[in-house]
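All remarks here apply to the structure that follows.
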Amino acid sequence: MSNKIRTIDITDSTASLDQLCDIENGTISGMMFSDEAIYRKELERIFARCWLFVAHESQIPNTGDYITTTMGEDEVIVVRQKSGEVKVFLNACPHRGNKVCFSESGSTRGFICNYHGWSFNLSGNLIGQHESSVYEDSNFDKSRWGLREVAKVDSWKGLVFATFDPESPSLEEYLGPMTWYMDALFDNQEGGTEFVGGCIRSTYECNWKIAAENFVGDALHAGWTHDSGAKAMLGGSVTKISELGESYSVNWNGHGYEFALDTVGNVAALGEKALNKYIYQIKPSAEERLGAFRSNMIASVSSCTIFPNFSFLPGQNTVRVWQPRGPNKIELYTWVLVNKSAPEDIKEKWRKGAMITFSPTGVFEMDDGENWEYSTKTAKGWVTGQQNLFIGLGMDTLKRDTSLPGNVFSGQLNEANGRAFYQYWRDLLEAESWKDVPDRNVGKAEVQ
């Protein structure tokens with residue numbers, strides 16, 4: 001394998017992307033984590049094109065309830081309509097582009113721009129301005145100047161997604177067979193799920209892909225990176241994944257879920273026996289609802305990323321979005337997810353457990369954040385950024401004789417999901433439109 005210094009210009013040719021992301025040989029280039037031109041192309045062809053998570057329905061239960069978030073670096077407002085539907089608008093006045101909403105969440109009858117007094121109703125329609133007569137005198141057409149709405153909004157099991165691209169596949173097609181596995185966390189009990197405790201916001205000086213790929217399938221780091229933290233907090237090492245029985249890495253169009261069938265491996269890391277007990281209490285009803293296989297996934301040693309930047313940790317029950325803020329920075333939005341039907345004391349234990357483990361001051365998140373930041377910072381070096389990075393574990397572990405949906409690989413200590421994540425990243429950067437994105441899936445789209 002050559003480490004010859006080379007110049008890569010992604011605007012030059014497809015061959016340059018071959019150098020950045022050589023999945024066939026299991027290598028990627030560090031340059032993809034630090035280059036500004038690559039990042040701008042990501043905003044255009046990934047974040048302005050893919051379905052992105054914007055809210056949980058529990059955050060906006062009533063008419064006029066809203067939250068503000070971002071899609072890539074585009075700021076948006078997610079607001080519940082009188083009809084009950086959810087709309088998503090750019091948080092930018094179409095007059096001079098100033099924000100029309102500065103709070104993270106709330107309830108309102110409309111939005112008003114601080115700059116020139118343009119006001120909008122919940123449907124995004126422009127309904128008035130300061131000195132409105134001067135607009136009327138110039139034959140101004142208010143109907144043309146409402147808040148810009150995203151192309152599509154849809155939800156799955158309480159999770160609200162949006163996309164700017166009118167040509168995108170449906171959300172159902174986009175998520176594909178991954179929803180079968182996601183049910184283990186988001187639909188294991190009647191009544192569904194909700195967010196508790198608000199949004200935890202933090203920043204890291206790292207590239208968004210490093211964090212997203214960590215959750216898409218990097219179980220390998222856990223036993224080493226988190227060993228000292230686990231010993232200090234729990235009095236023993238984290239679960240040795242290589243000694244678990246049945247485990248898998250599953251991917252589909254860049255999404256990836258790695259998991260064992262140990263039921264409570266992740267929740268055990270919170271050190272709350274009551275949470276372990278709760279999982280075992282609901283397991284029979286989960287098995288009746290989802291079947292035996294998925295009932296063993298509820299709080300197991302596992303993690304998932306839905307491409308590009310929506311991730312979750314079953315057991316710890318944290319849901320997060322890696323919001324890009326340049327090639328070398330992210331803003332992390334984190335929420336705690338619980339079953340609506342869970343007792344209030346159980347919900348509170350999960351909220352506190354998330355603070356202890358995966359929050360800005362959490363034992364395990366501090367471990368991860370340091371790794372992600374230094375993996376990004378080293379890539380800024382001219383020579384270091386161009387060296388080949390290995391992502392070749394489990395190249396020949398595809399299971400072709402399984403009834404499970406998706407592209408299924410043996411074991412969690414496997415980089416199959418990471419390779420699929422970067423392959424999809426590359427495919428989207430190369431594609432002029434959705435119809436140009438190749439189908440590289442070899443597994444089944446659904447369980448028969």
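Here's how to read the names in the structure tokens: chain A, B, ... by the order shown, residue numbers from 1 in each chain, ligand numbers from 1 in the order shown.
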
Using only C-alpha atoms, I'd like a table of the residues in region 50-151 of chain A that come within 10 Å of region 333-346 of chain A; for each, show the closest atom pair and its distance in Å rounded to one decimal, ordered by chain and ascending number, as CSV.
residue,atom,partner,partner_atom,distance
A:His56,CA,A:Leu337,CA,9.6
A:Ser58,CA,A:Lys340,CA,9.6
A:Thr69,CA,A:Tyr333,CA,9.0

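Comparing the minimum interatomic distances between Pro308 (chain A) and each of A:Lys349, A:His95, A:Lys435, A:Lys209, counting only C-alpha atoms, we find that A:Lys209 sits nearest.
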
Backbone DSSP call of strand (DSSP E or B) for region 245-359 of chain A, listed as number ranges by chain: A: 247-252, 255-260, 302-306, 310-313, 318-324, 330-339

Write out the residues from the selection above, keeping N, CA and C atoms, as an mmCIF file, in the first residue's frame.
data_model
loop_
_atom_site.group_PDB
_atom_site.id
_atom_site.type_symbol
_atom_site.label_atom_id
_atom_site.label_comp_id
_atom_site.auth_asym_id
_atom_site.auth_seq_id
_atom_site.Cartn_x
_atom_site.Cartn_y
_atom_site.Cartn_z
ATOM 1 N N SER A 247 -24.102 -11.888 17.402
ATOM 2 C CA SER A 247 -24.070 -10.444 17.161
ATOM 3 C C SER A 247 -23.919 -10.178 15.665
ATOM 4 N N TYR A 248 -24.306 -8.958 15.259
ATOM 5 C CA TYR A 248 -24.400 -8.638 13.837
ATOM 6 C C TYR A 248 -23.992 -7.195 13.560
ATOM 7 N N SER A 249 -23.639 -6.952 12.305
ATOM 8 C CA SER A 249 -23.529 -5.608 11.741
ATOM 9 C C SER A 249 -24.425 -5.593 10.509
ATOM 10 N N VAL A 250 -25.389 -4.675 10.486
ATOM 11 C CA VAL A 250 -26.363 -4.608 9.394
ATOM 12 C C VAL A 250 -26.355 -3.211 8.805
ATOM 13 N N ASN A 251 -26.351 -3.100 7.486
ATOM 14 C CA ASN A 251 -26.388 -1.781 6.855
ATOM 15 C C ASN A 251 -27.306 -1.762 5.648
ATOM 16 N N TRP A 252 -27.629 -0.542 5.225
ATOM 17 C CA TRP A 252 -28.491 -0.325 4.063
ATOM 18 C C TRP A 252 -28.358 1.136 3.648
ATOM 19 N N HIS A 255 -26.894 3.622 6.130
ATOM 20 C CA HIS A 255 -27.345 3.420 7.510
ATOM 21 C C HIS A 255 -26.671 2.170 8.071
ATOM 22 N N GLY A 256 -26.428 2.161 9.365
ATOM 23 C CA GLY A 256 -25.827 0.971 9.962
ATOM 24 C C GLY A 256 -26.242 0.760 11.402
ATOM 25 N N TYR A 257 -26.443 -0.509 11.765
ATOM 26 C CA TYR A 257 -26.840 -0.887 13.124
ATOM 27 C C TYR A 257 -25.980 -2.084 13.515
ATOM 28 N N GLU A 258 -25.178 -1.917 14.572
ATOM 29 C CA GLU A 258 -24.420 -3.062 15.092
ATOM 30 C C GLU A 258 -25.026 -3.430 16.435
ATOM 31 N N PHE A 259 -25.212 -4.746 16.662
ATOM 32 C CA PHE A 259 -25.904 -5.143 17.880
ATOM 33 C C PHE A 259 -25.619 -6.592 18.255
ATOM 34 N N ALA A 260 -25.731 -6.860 19.552
ATOM 35 C CA ALA A 260 -25.738 -8.222 20.082
ATOM 36 C C ALA A 260 -27.162 -8.549 20.503
ATOM 37 N N SER A 302 -25.152 -2.125 21.572
ATOM 38 C CA SER A 302 -25.527 -1.771 20.213
ATOM 39 C C SER A 302 -25.432 -0.278 19.988
ATOM 40 N N SER A 303 -25.451 0.123 18.725
ATOM 41 C CA SER A 303 -25.538 1.527 18.334
ATOM 42 C C SER A 303 -25.969 1.590 16.885
ATOM 43 N N CYS A 304 -26.450 2.761 16.461
ATOM 44 C CA CYS A 304 -26.960 2.899 15.101
ATOM 45 C C CYS A 304 -26.776 4.328 14.608
ATOM 46 N N THR A 305 -26.521 4.474 13.325
ATOM 47 C CA THR A 305 -26.582 5.771 12.643
ATOM 48 C C THR A 305 -27.464 5.625 11.416
ATOM 49 N N ILE A 306 -28.427 6.537 11.284
ATOM 50 C CA ILE A 306 -29.188 6.682 10.053
ATOM 51 C C ILE A 306 -28.520 7.797 9.261
ATOM 52 N N PHE A 310 -27.935 11.093 12.085
ATOM 53 C CA PHE A 310 -28.871 10.786 13.169
ATOM 54 C C PHE A 310 -28.469 9.471 13.812
ATOM 55 N N SER A 311 -28.179 9.481 15.118
ATOM 56 C CA SER A 311 -27.670 8.282 15.792
ATOM 57 C C SER A 311 -28.409 8.045 17.097
ATOM 58 N N PHE A 312 -28.336 6.806 17.570
ATOM 59 C CA PHE A 312 -28.924 6.503 18.871
ATOM 60 C C PHE A 312 -28.206 5.325 19.519
ATOM 61 N N LEU A 313 -28.305 5.310 20.863
ATOM 62 C CA LEU A 313 -27.727 4.252 21.697
ATOM 63 C C LEU A 313 -28.845 3.578 22.485
ATOM 64 N N THR A 318 -29.984 7.351 24.495
ATOM 65 C CA THR A 318 -29.713 8.690 23.998
ATOM 66 C C THR A 318 -29.885 8.713 22.484
ATOM 67 N N VAL A 319 -30.491 9.794 22.027
ATOM 68 C CA VAL A 319 -30.686 10.052 20.605
ATOM 69 C C VAL A 319 -29.925 11.325 20.292
ATOM 70 N N ARG A 320 -29.152 11.315 19.214
ATOM 71 C CA ARG A 320 -28.355 12.508 18.934
ATOM 72 C C ARG A 320 -28.241 12.810 17.449
ATOM 73 N N VAL A 321 -27.985 14.084 17.153
ATOM 74 C CA VAL A 321 -27.728 14.541 15.789
ATOM 75 C C VAL A 321 -26.395 15.267 15.792
ATOM 76 N N TRP A 322 -25.509 14.848 14.884
ATOM 77 C CA TRP A 322 -24.190 15.473 14.733
ATOM 78 C C TRP A 322 -24.341 16.616 13.715
ATOM 79 N N GLN A 323 -24.576 17.826 14.216
ATOM 80 C CA GLN A 323 -24.835 18.962 13.333
ATOM 81 C C GLN A 323 -23.509 19.528 12.816
ATOM 82 N N PRO A 324 -23.297 19.542 11.480
ATOM 83 C CA PRO A 324 -22.024 20.031 10.947
ATOM 84 C C PRO A 324 -21.891 21.539 11.102
ATOM 85 N N ILE A 330 -18.472 20.250 15.132
ATOM 86 C CA ILE A 330 -19.875 19.859 15.152
ATOM 87 C C ILE A 330 -20.551 20.481 16.362
ATOM 88 N N GLU A 331 -21.863 20.655 16.262
ATOM 89 C CA GLU A 331 -22.684 20.941 17.420
ATOM 90 C C GLU A 331 -23.529 19.697 17.627
ATOM 91 N N LEU A 332 -23.432 19.117 18.795
ATOM 92 C CA LEU A 332 -24.132 17.877 19.088
ATOM 93 C C LEU A 332 -25.429 18.173 19.837
ATOM 94 N N TYR A 333 -26.550 17.705 19.263
ATOM 95 C CA TYR A 333 -27.845 17.792 19.925
ATOM 96 C C TYR A 333 -28.169 16.400 20.472
ATOM 97 N N THR A 334 -28.433 16.311 21.768
ATOM 98 C CA THR A 334 -28.715 15.021 22.406
ATOM 99 C C THR A 334 -30.022 15.089 23.184
ATOM 100 N N TRP A 335 -30.813 14.019 23.087
ATOM 101 C CA TRP A 335 -32.050 13.889 23.853
ATOM 102 C C TRP A 335 -32.077 12.518 24.527
ATOM 103 N N VAL A 336 -32.895 12.398 25.556
ATOM 104 C CA VAL A 336 -33.114 11.119 26.228
ATOM 105 C C VAL A 336 -34.482 10.598 25.806
ATOM 106 N N LEU A 337 -34.508 9.359 25.328
ATOM 107 C CA LEU A 337 -35.717 8.724 24.828
ATOM 108 C C LEU A 337 -36.223 7.687 25.832
ATOM 109 N N VAL A 338 -37.537 7.693 26.085
ATOM 110 C CA VAL A 338 -38.131 6.712 26.987
ATOM 111 C C VAL A 338 -39.460 6.229 26.404
ATOM 112 N N ASN A 339 -39.907 5.081 26.843
ATOM 113 C CA ASN A 339 -41.260 4.645 26.513
ATOM 114 C C ASN A 339 -42.265 5.525 27.253
#

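CA of Leu404 (chain A) to CA of Asp154 (chain A) spans 25.9 Å [interatomic distance, one decimal].
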
Please provide as a PDB file with C-alpha atoms, in the first residue's frame all residues within 9 Å of Gln81 (chain A), with the sequence filter that same-chain residues fewer than 6 positions apart are discarded (counting only C-alpha atoms).
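Saved the output as result19.pdb:
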ATOM      1  CA  ASN A  62     -50.061  21.076  20.313  1.00  0.00           C
ATOM      2  CA  THR A  63     -50.976  23.667  17.679  1.00  0.00           C
ATOM      3  CA  GLY A  64     -48.317  26.389  17.575  1.00  0.00           C
ATOM      4  CA  ASP A  65     -45.685  24.324  19.378  1.00  0.00           C
ATOM      5  CA  LYS A  87     -44.350  21.930   8.718  1.00  0.00           C
ATOM      6  CA  LEU A 122     -48.084  29.263  11.486  1.00  0.00           C
ATOM      7  CA  SER A 123     -48.468  28.229   7.843  1.00  0.00           C
TER       8      SER A 123
END

Atomic separation - CA of Asn266 (chain A) relative to CA of Thr225 (chain A), Å: 15.3 Å

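CA of Gly362 (chain A) is positioned 11.6 Å from CA of Gln316 (chain A).
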
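Taking only C-alpha atoms into account, Tyr174 (chain A) lies nearest to A:Ala162 out of the set A:Ala162, A:Ala212, A:Leu413, A:Cys113.
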
Helix (DSSP H, G or I) residues, from DSSP on the backbone, in region 184-367 of chain A, as a PyMOL selection string: chain A and resi 184-186+208-217+222-225+227-234+241-243+267-270+273-290+292-295+344-357+363-367

Ala286 (chain A) surroundings by only C-alpha atoms, 7 Å radius, close-in-sequence under 6 positions cut, as a ChimeraX atom specification: /A:188-189,295

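Compared by their closest atoms to Ser410 (chain A), and using only C-alpha atoms, the residues A:Gly394, A:Glu243, A:Ser107, A:Trp425 rank with A:Gly394 nearest.
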
Exercise: Gln423 (chain A) partners within 12 Å, only C-alpha atoms, chain neighbours under 6 positions left out, as a PyMOL selection string: chain A and resi 17-18+20-28+213+251-255+307-308+391+416-417+429-430+437-441

Surrounding residues of Met32 (chain A) excluding itself and chain neighbours under 2 positions, 12 Å, only C-alpha atoms, as JSON, numbers by chain: {"A": [8, 9, 10, 16, 17, 18, 19, 20, 21, 27, 28, 29, 30, 34, 35, 36, 37, 38, 39, 40, 41, 42, 207, 208, 209, 210, 327, 328, 375, 376, 378, 379, 380, 384, 385, 386, 387, 388, 389, 422, 425, 426, 429]}

Those same residues - N, CA and C atoms - I'd like them written as a short mmCIF file (atom, residue, chain, number, x, y, z; two decimals), in the first residue's frame.
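Generated output (selection_6.cif):
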data_model
loop_
_atom_site.label_atom_id
_atom_site.label_comp_id
_atom_site.auth_asym_id
_atom_site.auth_seq_id
_atom_site.Cartn_x
_atom_site.Cartn_y
_atom_site.Cartn_z
N ILE A 8 -5.25 15.92 -4.06
CA ILE A 8 -6.59 15.46 -4.39
C ILE A 8 -7.50 16.67 -4.56
N ASP A 9 -8.14 16.78 -5.69
CA ASP A 9 -9.08 17.85 -5.96
C ASP A 9 -10.41 17.23 -6.35
N ILE A 10 -11.41 17.28 -5.45
CA ILE A 10 -12.66 16.59 -5.75
C ILE A 10 -13.43 17.26 -6.87
N SER A 16 -10.33 11.22 -8.28
CA SER A 16 -9.87 11.78 -7.01
C SER A 16 -10.68 11.24 -5.84
N LEU A 17 -11.98 11.00 -6.07
CA LEU A 17 -12.78 10.37 -5.03
C LEU A 17 -12.37 8.92 -4.82
N ASP A 18 -11.86 8.28 -5.85
CA ASP A 18 -11.31 6.94 -5.70
C ASP A 18 -10.18 6.95 -4.68
N GLN A 19 -9.38 8.00 -4.71
CA GLN A 19 -8.26 8.10 -3.77
C GLN A 19 -8.74 8.41 -2.36
N LEU A 20 -9.78 9.23 -2.26
CA LEU A 20 -10.31 9.58 -0.94
C LEU A 20 -10.99 8.39 -0.27
N CYS A 21 -11.65 7.57 -1.05
CA CYS A 21 -12.52 6.54 -0.49
C CYS A 21 -12.42 5.28 -1.35
N THR A 27 -9.75 1.29 2.43
CA THR A 27 -9.02 2.47 2.90
C THR A 27 -9.81 3.74 2.62
N ILE A 28 -9.58 4.74 3.46
CA ILE A 28 -10.09 6.09 3.25
C ILE A 28 -8.95 7.06 3.51
N SER A 29 -9.10 8.30 3.06
CA SER A 29 -8.07 9.30 3.25
C SER A 29 -8.45 10.25 4.38
N GLY A 30 -7.49 10.61 5.21
CA GLY A 30 -7.74 11.57 6.28
C GLY A 30 -8.17 12.92 5.75
N SER A 34 -10.97 17.07 6.74
CA SER A 34 -10.45 18.40 7.02
C SER A 34 -10.60 19.39 5.87
N ASP A 35 -10.91 18.91 4.66
CA ASP A 35 -10.87 19.77 3.49
C ASP A 35 -12.14 20.60 3.35
N GLU A 36 -12.00 21.90 3.18
CA GLU A 36 -13.14 22.81 3.09
C GLU A 36 -13.97 22.58 1.84
N ALA A 37 -13.31 22.28 0.71
CA ALA A 37 -14.05 22.04 -0.54
C ALA A 37 -14.93 20.79 -0.41
N ILE A 38 -14.41 19.77 0.24
CA ILE A 38 -15.19 18.55 0.46
C ILE A 38 -16.40 18.87 1.34
N TYR A 39 -16.18 19.66 2.37
CA TYR A 39 -17.28 20.01 3.28
C TYR A 39 -18.37 20.78 2.55
N ARG A 40 -18.01 21.74 1.70
CA ARG A 40 -19.02 22.50 0.97
C ARG A 40 -19.81 21.59 0.04
N LYS A 41 -19.15 20.62 -0.53
CA LYS A 41 -19.84 19.66 -1.41
C LYS A 41 -20.78 18.78 -0.58
N GLU A 42 -20.40 18.45 0.64
CA GLU A 42 -21.28 17.68 1.53
C GLU A 42 -22.56 18.44 1.83
N ASN A 207 -14.83 16.39 12.90
CA ASN A 207 -15.61 16.27 11.69
C ASN A 207 -16.85 15.42 11.96
N TRP A 208 -17.98 15.80 11.37
CA TRP A 208 -19.24 15.10 11.65
C TRP A 208 -19.19 13.62 11.27
N LYS A 209 -18.42 13.28 10.25
CA LYS A 209 -18.38 11.88 9.78
C LYS A 209 -17.72 10.97 10.80
N ILE A 210 -16.73 11.47 11.52
CA ILE A 210 -16.02 10.64 12.50
C ILE A 210 -16.98 10.21 13.61
N PRO A 327 -15.74 21.82 8.48
CA PRO A 327 -15.08 20.52 8.41
C PRO A 327 -14.48 20.08 9.74
N ASN A 328 -14.25 21.01 10.66
CA ASN A 328 -13.55 20.69 11.89
C ASN A 328 -14.36 20.96 13.15
N SER A 375 -8.60 12.79 16.04
CA SER A 375 -8.65 12.20 14.70
C SER A 375 -8.88 13.27 13.64
N THR A 376 -9.60 14.33 14.00
CA THR A 376 -9.83 15.44 13.08
C THR A 376 -8.60 16.34 12.98
N THR A 378 -5.43 15.74 13.52
CA THR A 378 -4.27 15.19 12.80
C THR A 378 -4.46 15.27 11.29
N ALA A 379 -5.72 15.21 10.84
CA ALA A 379 -6.00 15.24 9.41
C ALA A 379 -5.72 16.60 8.78
N LYS A 380 -5.50 17.64 9.61
CA LYS A 380 -5.18 18.96 9.07
C LYS A 380 -3.76 19.01 8.52
N THR A 384 -0.07 14.02 6.87
CA THR A 384 -0.93 13.13 7.65
C THR A 384 -2.31 13.02 7.03
N GLY A 385 -2.85 14.13 6.55
CA GLY A 385 -4.18 14.13 5.99
C GLY A 385 -4.33 13.29 4.74
N GLN A 386 -3.21 12.98 4.09
CA GLN A 386 -3.28 12.22 2.84
C GLN A 386 -2.88 10.75 3.00
N GLN A 387 -2.57 10.35 4.21
CA GLN A 387 -2.22 8.95 4.38
C GLN A 387 -3.46 8.06 4.33
N ASN A 388 -3.26 6.82 3.94
CA ASN A 388 -4.36 5.87 3.91
C ASN A 388 -4.72 5.43 5.33
N LEU A 389 -6.01 5.41 5.63
CA LEU A 389 -6.52 4.93 6.91
C LEU A 389 -7.23 3.61 6.68
N TYR A 422 -19.19 5.15 4.27
CA TYR A 422 -18.32 5.98 3.42
C TYR A 422 -18.59 5.75 1.93
N TRP A 425 -21.52 7.90 1.22
CA TRP A 425 -21.01 9.28 1.22
C TRP A 425 -20.40 9.60 -0.14
N ARG A 426 -19.55 8.72 -0.61
CA ARG A 426 -18.91 8.94 -1.91
C ARG A 426 -19.93 8.93 -3.04
N LEU A 429 -21.75 12.22 -3.22
CA LEU A 429 -20.91 13.31 -3.72
C LEU A 429 -20.74 13.23 -5.23
#

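Each of A:Arg49, A:Arg80, A:Lys352, A:Lys277 was compared to Val160 (chain A) using only C-alpha atoms, and A:Arg80 turns out to be the nearest.
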
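Closest approach to Ser103 (chain A) among A:Thr203, A:Gln129, A:Ser83, A:Thr68: A:Thr68, based on only C-alpha atoms.
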